[in-house]
Amino acid sequence: MPEFGKIGFIGAGQMAEALARGFSNGKMIKFEDVVATDPTEARMKVFKDLGAQTVTDNKQVVEKADVIFIAVKPQYVGVVLKEVRSSLKDNHTIVSIAAGVTLAQLKEAAGDVRLVRVMPNTPCLVGETASAMCLGPKATDKDAEMVRKLFSTVGQCIQVDESLLSAVTGLSGSGPAYVFLMIEALSDGGVRAGLPRDIAQALAAQTVLGSAKMVTETGKHPGQLKDMVTSPAGTTIAGVHELEKGAFRSTVMNAVIAAANRANELSKQ
Ligand SMILES: NC(=O)C1=CN([C@@H]2O[C@H](COP(=O)(O)OP(=O)(O)OC[C@H]3O[C@@H](n4cnc5c(N)ncnc54)[C@H](O)[C@@H]3O)[C@@H](O)[C@H]2O)C=CC1
Ligand SMILES: O=C(O)[C@@H]1CCC=N1
């Protein structure tokens with residue numbers, strides 16, 4: 001019996017694939033211990049080709065798996081849980097990754113079962129997720145430990161109060177998209193300044209990676225690290241001045257707030 005039992009995915013889309021590949025890369029699971037379902041043939045094929053078992057009915061995932069990831073769009077979570085509710089047993093832990101769907105809503109649809117909400121992000125694919133989780137009333141310390149262990153092989157998973165999960169969604173759940181835009185923009189800037197595209201993109205990505213590492217490894221405030229780059233009357237302050245004129249920091253803050261607000265809206269649907 002594998003450590004986590006069988007892992008099920010109801011919804012085999014982008015995030016389910018990122019999680020499954022990440023857990024497998026992190027040697028936490030083998031694809032032969034994964035069972036997935038999705039109404040889209042192409043998504044089933046992706047999981048089948050990875051070596052997972054695929055089934056055509058959501059209930060079959062519940063019958064075969066112990067830890068069940070609910071990885072459908074938030075609007076479908078209630079429908080899917082009501083569909084499988086009668087098959088849920090004591091061995092099951094339900095892990096919803098849906099943005100905005102609250103533990104109370106999950107409980108209403110699934111019944112009083114062991115529920116965990118996790119907000120992961122796609123960098124779990126490369127072992128660098130920034131995730132947060134909160135536990136439903138019936139979830140046990142063992143569930144918390146199991147989810148933490150699974151996610152610690154693909155990055156970090158911090159336990160938070162549920163009231164913070166929309167903010168987490170706006171920051172780290174959606175955040176990779178903002179960073180990809182930043183990398184694309186840095187790269188475009190490099191091309192505009194004369195660099196070949198491949199060199200510009202490599203430099204842009206490595207600059208973001210290295211800068212993030214400096215924050216995590218030195219423990220220094222990002223403002224202090226920024227000051228270390230900006231020579232008096234030098235090149236960097238000229239660039240920083242342009243970012244400030246474009247309200248860069250305010251725009252990024254607004255992006256996080258807009259995404260967090262959208263997560264709250266999804267809770268009300
Ligand atoms: N993409 C991301 O970066 C993140 C996504 N999430 C959450 O993950 C969930 C899935 O998002 P994505 O993977 O981006 O979307 P997606 O659209 O790629 O995947 C959803 C999958 O669910 C399938 N599906 C639809 N109805 C179904 C049903 N009745 N039964 C089973 N499967 C069904 C769809 O065919 C699709 O393949 C969402 O709730 C989202 O909030 C959370 C964190 C990050
Ligand atoms: O865009 C979305 O709704 C999902 C949730 C967080 C990241 N992607």
# chains A, B, ... in the order shown; residues from 1 in each chain; ligands from 1

call {"tool": "residues_around", "arguments": {"residues": "A:Phe151", "least_positions_apart": "3", "cutoff": "10 Å", "atoms": "only C-alpha atoms", "output": "CSV table (one decimal) with N, CA and C atoms, in the first residue's frame"}}
result
chain,number,residue,atom,x,y,z
A,19,LEU,N,-0.1,19.3,-10.3
A,19,LEU,CA,0.0,18.6,-9.0
A,19,LEU,C,0.5,17.2,-9.2
A,22,GLY,N,4.0,17.1,-10.3
A,22,GLY,CA,4.9,17.5,-9.2
A,22,GLY,C,5.1,16.5,-8.1
A,23,PHE,N,4.0,15.9,-7.7
A,23,PHE,CA,4.0,14.8,-6.6
A,23,PHE,C,4.9,13.6,-7.2
A,26,GLY,N,8.5,14.6,-7.3
A,26,GLY,CA,9.0,14.6,-5.9
A,26,GLY,C,9.0,13.3,-5.2
A,28,MET,N,6.7,11.4,-4.4
A,28,MET,CA,5.7,11.2,-3.3
A,28,MET,C,4.7,10.1,-3.8
A,118,VAL,N,-6.9,23.7,-0.2
A,118,VAL,CA,-5.5,24.1,-0.4
A,118,VAL,C,-5.6,25.0,-1.6
A,120,PRO,N,-2.9,26.0,-4.1
A,120,PRO,CA,-1.6,25.8,-4.7
A,120,PRO,C,-1.3,26.8,-5.8
A,124,CYS,N,4.3,24.1,-8.7
A,124,CYS,CA,4.5,22.8,-8.1
A,124,CYS,C,5.1,21.8,-9.1
A,127,GLY,N,8.6,21.8,-8.5
A,127,GLY,CA,9.0,21.6,-7.1
A,127,GLY,C,9.1,22.9,-6.3
A,128,GLU,N,8.4,24.0,-6.7
A,128,GLU,CA,8.5,25.3,-6.1
A,128,GLU,C,7.2,26.0,-5.8
A,129,THR,N,6.2,25.2,-5.4
A,129,THR,CA,4.9,25.8,-5.2
A,129,THR,C,4.9,26.7,-3.9
A,130,ALA,N,4.1,27.7,-3.9
A,130,ALA,CA,3.8,28.4,-2.7
A,130,ALA,C,2.3,28.2,-2.4
A,131,SER,N,2.0,27.3,-1.5
A,131,SER,CA,0.6,26.9,-1.2
A,131,SER,C,0.2,27.2,0.2
A,132,ALA,N,-1.1,27.3,0.4
A,132,ALA,CA,-1.6,27.5,1.7
A,132,ALA,C,-2.8,26.6,1.9
A,133,MET,N,-3.0,26.1,3.1
A,133,MET,CA,-4.1,25.2,3.3
A,133,MET,C,-4.9,25.5,4.6
A,145,GLU,N,-1.1,16.6,8.3
A,145,GLU,CA,0.3,16.1,8.1
A,145,GLU,C,0.5,15.5,6.7
A,146,MET,N,-0.6,14.8,6.3
A,146,MET,CA,-0.5,14.2,5.0
A,146,MET,C,-0.4,15.2,3.9
A,147,VAL,N,-1.3,16.2,4.0
A,147,VAL,CA,-1.3,17.3,2.9
A,147,VAL,C,0.0,18.1,3.0
A,148,ARG,N,0.4,18.4,4.2
A,148,ARG,CA,1.7,19.1,4.3
A,148,ARG,C,2.9,18.3,3.7
A,154,VAL,N,6.7,19.4,-3.2
A,154,VAL,CA,6.6,20.3,-4.4
A,154,VAL,C,6.7,21.7,-4.1
A,155,GLY,N,7.3,22.0,-2.9
A,155,GLY,CA,7.5,23.4,-2.5
A,155,GLY,C,7.1,23.6,-1.1
A,156,GLN,N,6.3,24.6,-0.8
A,156,GLN,CA,5.9,24.9,0.6
A,156,GLN,C,4.4,24.9,0.7
A,157,CYS,N,3.9,24.5,1.9
A,157,CYS,CA,2.5,24.6,2.2
A,157,CYS,C,2.3,25.2,3.6
A,158,ILE,N,1.7,26.4,3.7
A,158,ILE,CA,1.6,27.0,5.0
A,158,ILE,C,0.1,26.8,5.4

call {"tool": "residues_near_ligand", "arguments": {"ligand": "ligand 1", "cutoff": "8 Å", "atoms": "only C-alpha atoms and all ligand atoms", "output": "PDB file with N, CA and C atoms, in the first residue's frame"}}
result
ATOM      1  N   ILE A  10     -10.587  14.537  -9.461  1.00  0.00           N
ATOM      2  CA  ILE A  10     -11.842  14.784 -10.160  1.00  0.00           C
ATOM      3  C   ILE A  10     -11.648  16.122 -10.868  1.00  0.00           C
ATOM      4  N   GLY A  11     -11.533  16.047 -12.185  1.00  0.00           N
ATOM      5  CA  GLY A  11     -11.079  17.193 -12.972  1.00  0.00           C
ATOM      6  C   GLY A  11      -9.600  16.990 -13.225  1.00  0.00           C
ATOM      7  N   ALA A  12      -9.246  16.781 -14.497  1.00  0.00           N
ATOM      8  CA  ALA A  12      -7.848  16.485 -14.840  1.00  0.00           C
ATOM      9  C   ALA A  12      -7.291  17.590 -15.739  1.00  0.00           C
ATOM     10  N   GLY A  13      -7.501  18.826 -15.309  1.00  0.00           N
ATOM     11  CA  GLY A  13      -7.072  19.990 -16.093  1.00  0.00           C
ATOM     12  C   GLY A  13      -5.646  20.405 -15.772  1.00  0.00           C
ATOM     13  N   GLN A  14      -5.369  21.684 -15.975  1.00  0.00           N
ATOM     14  CA  GLN A  14      -4.002  22.218 -15.831  1.00  0.00           C
ATOM     15  C   GLN A  14      -3.446  22.016 -14.432  1.00  0.00           C
ATOM     16  N   MET A  15      -4.259  22.363 -13.422  1.00  0.00           N
ATOM     17  CA  MET A  15      -3.727  22.314 -12.057  1.00  0.00           C
ATOM     18  C   MET A  15      -3.599  20.878 -11.572  1.00  0.00           C
ATOM     19  N   ALA A  16      -4.557  20.028 -11.946  1.00  0.00           N
ATOM     20  CA  ALA A  16      -4.454  18.612 -11.568  1.00  0.00           C
ATOM     21  C   ALA A  16      -3.179  18.016 -12.163  1.00  0.00           C
ATOM     22  N   GLU A  17      -2.914  18.346 -13.397  1.00  0.00           N
ATOM     23  CA  GLU A  17      -1.702  17.812 -14.049  1.00  0.00           C
ATOM     24  C   GLU A  17      -0.440  18.345 -13.365  1.00  0.00           C
ATOM     25  N   THR A  37     -10.326  11.510 -13.514  1.00  0.00           N
ATOM     26  CA  THR A  37     -11.457  11.550 -14.434  1.00  0.00           C
ATOM     27  C   THR A  37     -11.663  12.965 -14.947  1.00  0.00           C
ATOM     28  N   ASP A  38     -12.182  13.043 -16.169  1.00  0.00           N
ATOM     29  CA  ASP A  38     -12.445  14.343 -16.795  1.00  0.00           C
ATOM     30  C   ASP A  38     -13.372  14.063 -17.979  1.00  0.00           C
ATOM     31  N   PRO A  39     -14.356  14.948 -18.198  1.00  0.00           N
ATOM     32  CA  PRO A  39     -15.238  14.712 -19.354  1.00  0.00           C
ATOM     33  C   PRO A  39     -14.543  14.914 -20.697  1.00  0.00           C
ATOM     34  N   THR A  40     -13.363  15.554 -20.674  1.00  0.00           N
ATOM     35  CA  THR A  40     -12.667  15.835 -21.935  1.00  0.00           C
ATOM     36  C   THR A  40     -11.695  14.703 -22.246  1.00  0.00           C
ATOM     37  N   ARG A  43      -7.947  15.451 -22.018  1.00  0.00           N
ATOM     38  CA  ARG A  43      -7.361  15.524 -20.672  1.00  0.00           C
ATOM     39  C   ARG A  43      -7.164  14.123 -20.093  1.00  0.00           C
ATOM     40  N   ASP A  57     -16.268   8.065 -14.705  1.00  0.00           N
ATOM     41  CA  ASP A  57     -17.330   8.486 -13.802  1.00  0.00           C
ATOM     42  C   ASP A  57     -16.676   9.004 -12.509  1.00  0.00           C
ATOM     43  N   ASN A  58     -17.108  10.160 -12.040  1.00  0.00           N
ATOM     44  CA  ASN A  58     -16.524  10.742 -10.822  1.00  0.00           C
ATOM     45  C   ASN A  58     -16.627   9.795  -9.626  1.00  0.00           C
ATOM     46  N   ILE A  70     -10.298  17.722  -5.602  1.00  0.00           N
ATOM     47  CA  ILE A  70     -11.375  18.305  -6.397  1.00  0.00           C
ATOM     48  C   ILE A  70     -10.736  19.435  -7.188  1.00  0.00           C
ATOM     49  N   ALA A  71     -10.566  19.193  -8.487  1.00  0.00           N
ATOM     50  CA  ALA A  71      -9.783  20.122  -9.328  1.00  0.00           C
ATOM     51  C   ALA A  71     -10.597  20.583 -10.532  1.00  0.00           C
ATOM     52  N   VAL A  72     -11.882  20.799 -10.293  1.00  0.00           N
ATOM     53  CA  VAL A  72     -12.742  21.376 -11.342  1.00  0.00           C
ATOM     54  C   VAL A  72     -12.874  22.877 -11.070  1.00  0.00           C
ATOM     55  N   LYS A  73     -13.417  23.612 -12.036  1.00  0.00           N
ATOM     56  CA  LYS A  73     -13.663  25.042 -11.854  1.00  0.00           C
ATOM     57  C   LYS A  73     -14.587  25.241 -10.654  1.00  0.00           C
ATOM     58  N   PRO A  74     -14.439  26.339  -9.937  1.00  0.00           N
ATOM     59  CA  PRO A  74     -15.239  26.559  -8.724  1.00  0.00           C
ATOM     60  C   PRO A  74     -16.749  26.339  -8.937  1.00  0.00           C
ATOM     61  N   GLN A  75     -17.254  26.749 -10.089  1.00  0.00           N
ATOM     62  CA  GLN A  75     -18.703  26.647 -10.361  1.00  0.00           C
ATOM     63  C   GLN A  75     -19.205  25.202 -10.355  1.00  0.00           C
ATOM     64  N   TYR A  76     -18.302  24.242 -10.628  1.00  0.00           N
ATOM     65  CA  TYR A  76     -18.725  22.841 -10.733  1.00  0.00           C
ATOM     66  C   TYR A  76     -18.489  22.035  -9.456  1.00  0.00           C
ATOM     67  N   VAL A  77     -17.844  22.649  -8.469  1.00  0.00           N
ATOM     68  CA  VAL A  77     -17.459  21.884  -7.267  1.00  0.00           C
ATOM     69  C   VAL A  77     -18.682  21.305  -6.561  1.00  0.00           C
ATOM     70  N   VAL A  79     -21.705  20.622  -7.689  1.00  0.00           N
ATOM     71  CA  VAL A  79     -22.348  19.570  -8.501  1.00  0.00           C
ATOM     72  C   VAL A  79     -21.579  18.255  -8.354  1.00  0.00           C
ATOM     73  N   VAL A  80     -20.253  18.381  -8.498  1.00  0.00           N
ATOM     74  CA  VAL A  80     -19.411  17.184  -8.467  1.00  0.00           C
ATOM     75  C   VAL A  80     -19.477  16.509  -7.084  1.00  0.00           C
ATOM     76  N   SER A  96      -9.960  20.134  -1.695  1.00  0.00           N
ATOM     77  CA  SER A  96     -10.419  21.022  -2.756  1.00  0.00           C
ATOM     78  C   SER A  96      -9.376  22.094  -3.019  1.00  0.00           C
ATOM     79  N   ILE A  97      -9.076  22.279  -4.308  1.00  0.00           N
ATOM     80  CA  ILE A  97      -8.125  23.351  -4.664  1.00  0.00           C
ATOM     81  C   ILE A  97      -8.860  24.506  -5.345  1.00  0.00           C
ATOM     82  N   ALA A  98     -10.186  24.448  -5.321  1.00  0.00           N
ATOM     83  CA  ALA A  98     -10.976  25.450  -6.059  1.00  0.00           C
ATOM     84  C   ALA A  98     -10.904  26.818  -5.395  1.00  0.00           C
ATOM     85  N   ALA A  99     -10.660  27.835  -6.202  1.00  0.00           N
ATOM     86  CA  ALA A  99     -10.605  29.198  -5.677  1.00  0.00           C
ATOM     87  C   ALA A  99     -11.983  29.604  -5.185  1.00  0.00           C
ATOM     88  N   GLY A 100     -12.019  30.153  -3.971  1.00  0.00           N
ATOM     89  CA  GLY A 100     -13.239  30.789  -3.474  1.00  0.00           C
ATOM     90  C   GLY A 100     -14.291  29.855  -2.886  1.00  0.00           C
ATOM     91  N   VAL A 118      -6.922  23.653  -0.151  1.00  0.00           N
ATOM     92  CA  VAL A 118      -5.539  24.057  -0.439  1.00  0.00           C
ATOM     93  C   VAL A 118      -5.570  25.047  -1.598  1.00  0.00           C
ATOM     94  N   MET A 119      -4.798  26.101  -1.516  1.00  0.00           N
ATOM     95  CA  MET A 119      -4.598  26.980  -2.668  1.00  0.00           C
ATOM     96  C   MET A 119      -3.153  26.817  -3.118  1.00  0.00           C
ATOM     97  N   PRO A 120      -2.944  25.979  -4.140  1.00  0.00           N
ATOM     98  CA  PRO A 120      -1.581  25.771  -4.652  1.00  0.00           C
ATOM     99  C   PRO A 120      -1.275  26.766  -5.768  1.00  0.00           C
ATOM    100  N   ASN A 121      -0.130  26.623  -6.389  1.00  0.00           N
ATOM    101  CA  ASN A 121       0.093  27.347  -7.647  1.00  0.00           C
ATOM    102  C   ASN A 121       0.902  26.462  -8.599  1.00  0.00           C
ATOM    103  N   THR A 122       0.908  26.852  -9.879  1.00  0.00           N
ATOM    104  CA  THR A 122       1.472  25.948 -10.895  1.00  0.00           C
ATOM    105  C   THR A 122       2.967  25.628 -10.716  1.00  0.00           C
ATOM    106  N   THR A 169      -5.021  33.438  -2.529  1.00  0.00           N
ATOM    107  CA  THR A 169      -5.366  33.178  -3.937  1.00  0.00           C
ATOM    108  C   THR A 169      -4.913  34.349  -4.822  1.00  0.00           C
ATOM    109  N   GLY A 173      -1.699  32.179  -5.555  1.00  0.00           N
ATOM    110  CA  GLY A 173      -2.464  31.334  -6.485  1.00  0.00           C
ATOM    111  C   GLY A 173      -2.385  31.900  -7.897  1.00  0.00           C
ATOM    112  N   SER A 174      -2.677  33.191  -8.017  1.00  0.00           N
ATOM    113  CA  SER A 174      -2.666  33.853  -9.326  1.00  0.00           C
ATOM    114  C   SER A 174      -1.295  34.426  -9.659  1.00  0.00           C
ATOM    115  N   PRO A 176       1.826  33.519 -10.163  1.00  0.00           N
ATOM    116  CA  PRO A 176       2.728  33.124 -11.261  1.00  0.00           C
ATOM    117  C   PRO A 176       2.403  33.846 -12.563  1.00  0.00           C
TER     118      PRO A 176
END

call {"tool": "select_by_dssp", "arguments": {"residues": "stretch 9-68 of chain A", "states": "strand (DSSP E or B)", "output": "PyMOL selection string"}}
result
chain A and resi 9-10+34-37+53-54+67-68

call {"tool": "select_by_dssp", "arguments": {"residues": "stretch 70-230 of chain A", "states": "alpha helix (DSSP H)", "output": "PyMOL selection string"}}
result
chain A and resi 74-84+103-110+141-152+165-168+175-192+197-218+222-229

call {"tool": "atom_distance", "arguments": {"atom1": "atom CA of A:Leu171", "atom2": "atom CA of A:Ile68"}}
result
25.1 Å

call {"tool": "closest_residue", "arguments": {"among": "A:Arg114, A:Lys48, A:Arg197, A:Lys107", "to": "A:Asp90", "atoms": "only C-alpha atoms"}}
result
A:Arg114

call {"tool": "atom_distance", "arguments": {"atom1": "atom CA of A:Pro232", "atom2": "atom CA of A:Ala205"}}
result
26.1 Å

call {"tool": "closest_residue", "arguments": {"among": "A:Thr102, A:Ser267, A:Thr216, A:Ser24", "to": "A:Leu150", "atoms": "only C-alpha atoms"}}
result
A:Ser24

call {"tool": "closest_residue", "arguments": {"among": "A:Ile7, A:Ile183, A:Val215, A:Leu135", "to": "A:Leu203", "atoms": "only C-alpha atoms"}}
result
A:Ile183

call {"tool": "atom_distance", "arguments": {"atom1": "atom CA of A:Phe47", "atom2": "atom CA of A:Glu32"}}
result
10.4 Å

call {"tool": "closest_residue", "arguments": {"among": "A:Val62, A:Ala202, A:Leu88, A:Ala167", "to": "ligand 2", "atoms": "only C-alpha atoms and all ligand atoms"}}
result
A:Ala167

call {"tool": "closest_residue", "arguments": {"among": "A:Gly136, A:Gly189, A:Gly194, A:Pro123", "to": "ligand 2", "atoms": "only C-alpha atoms and all ligand atoms"}}
result
A:Pro123
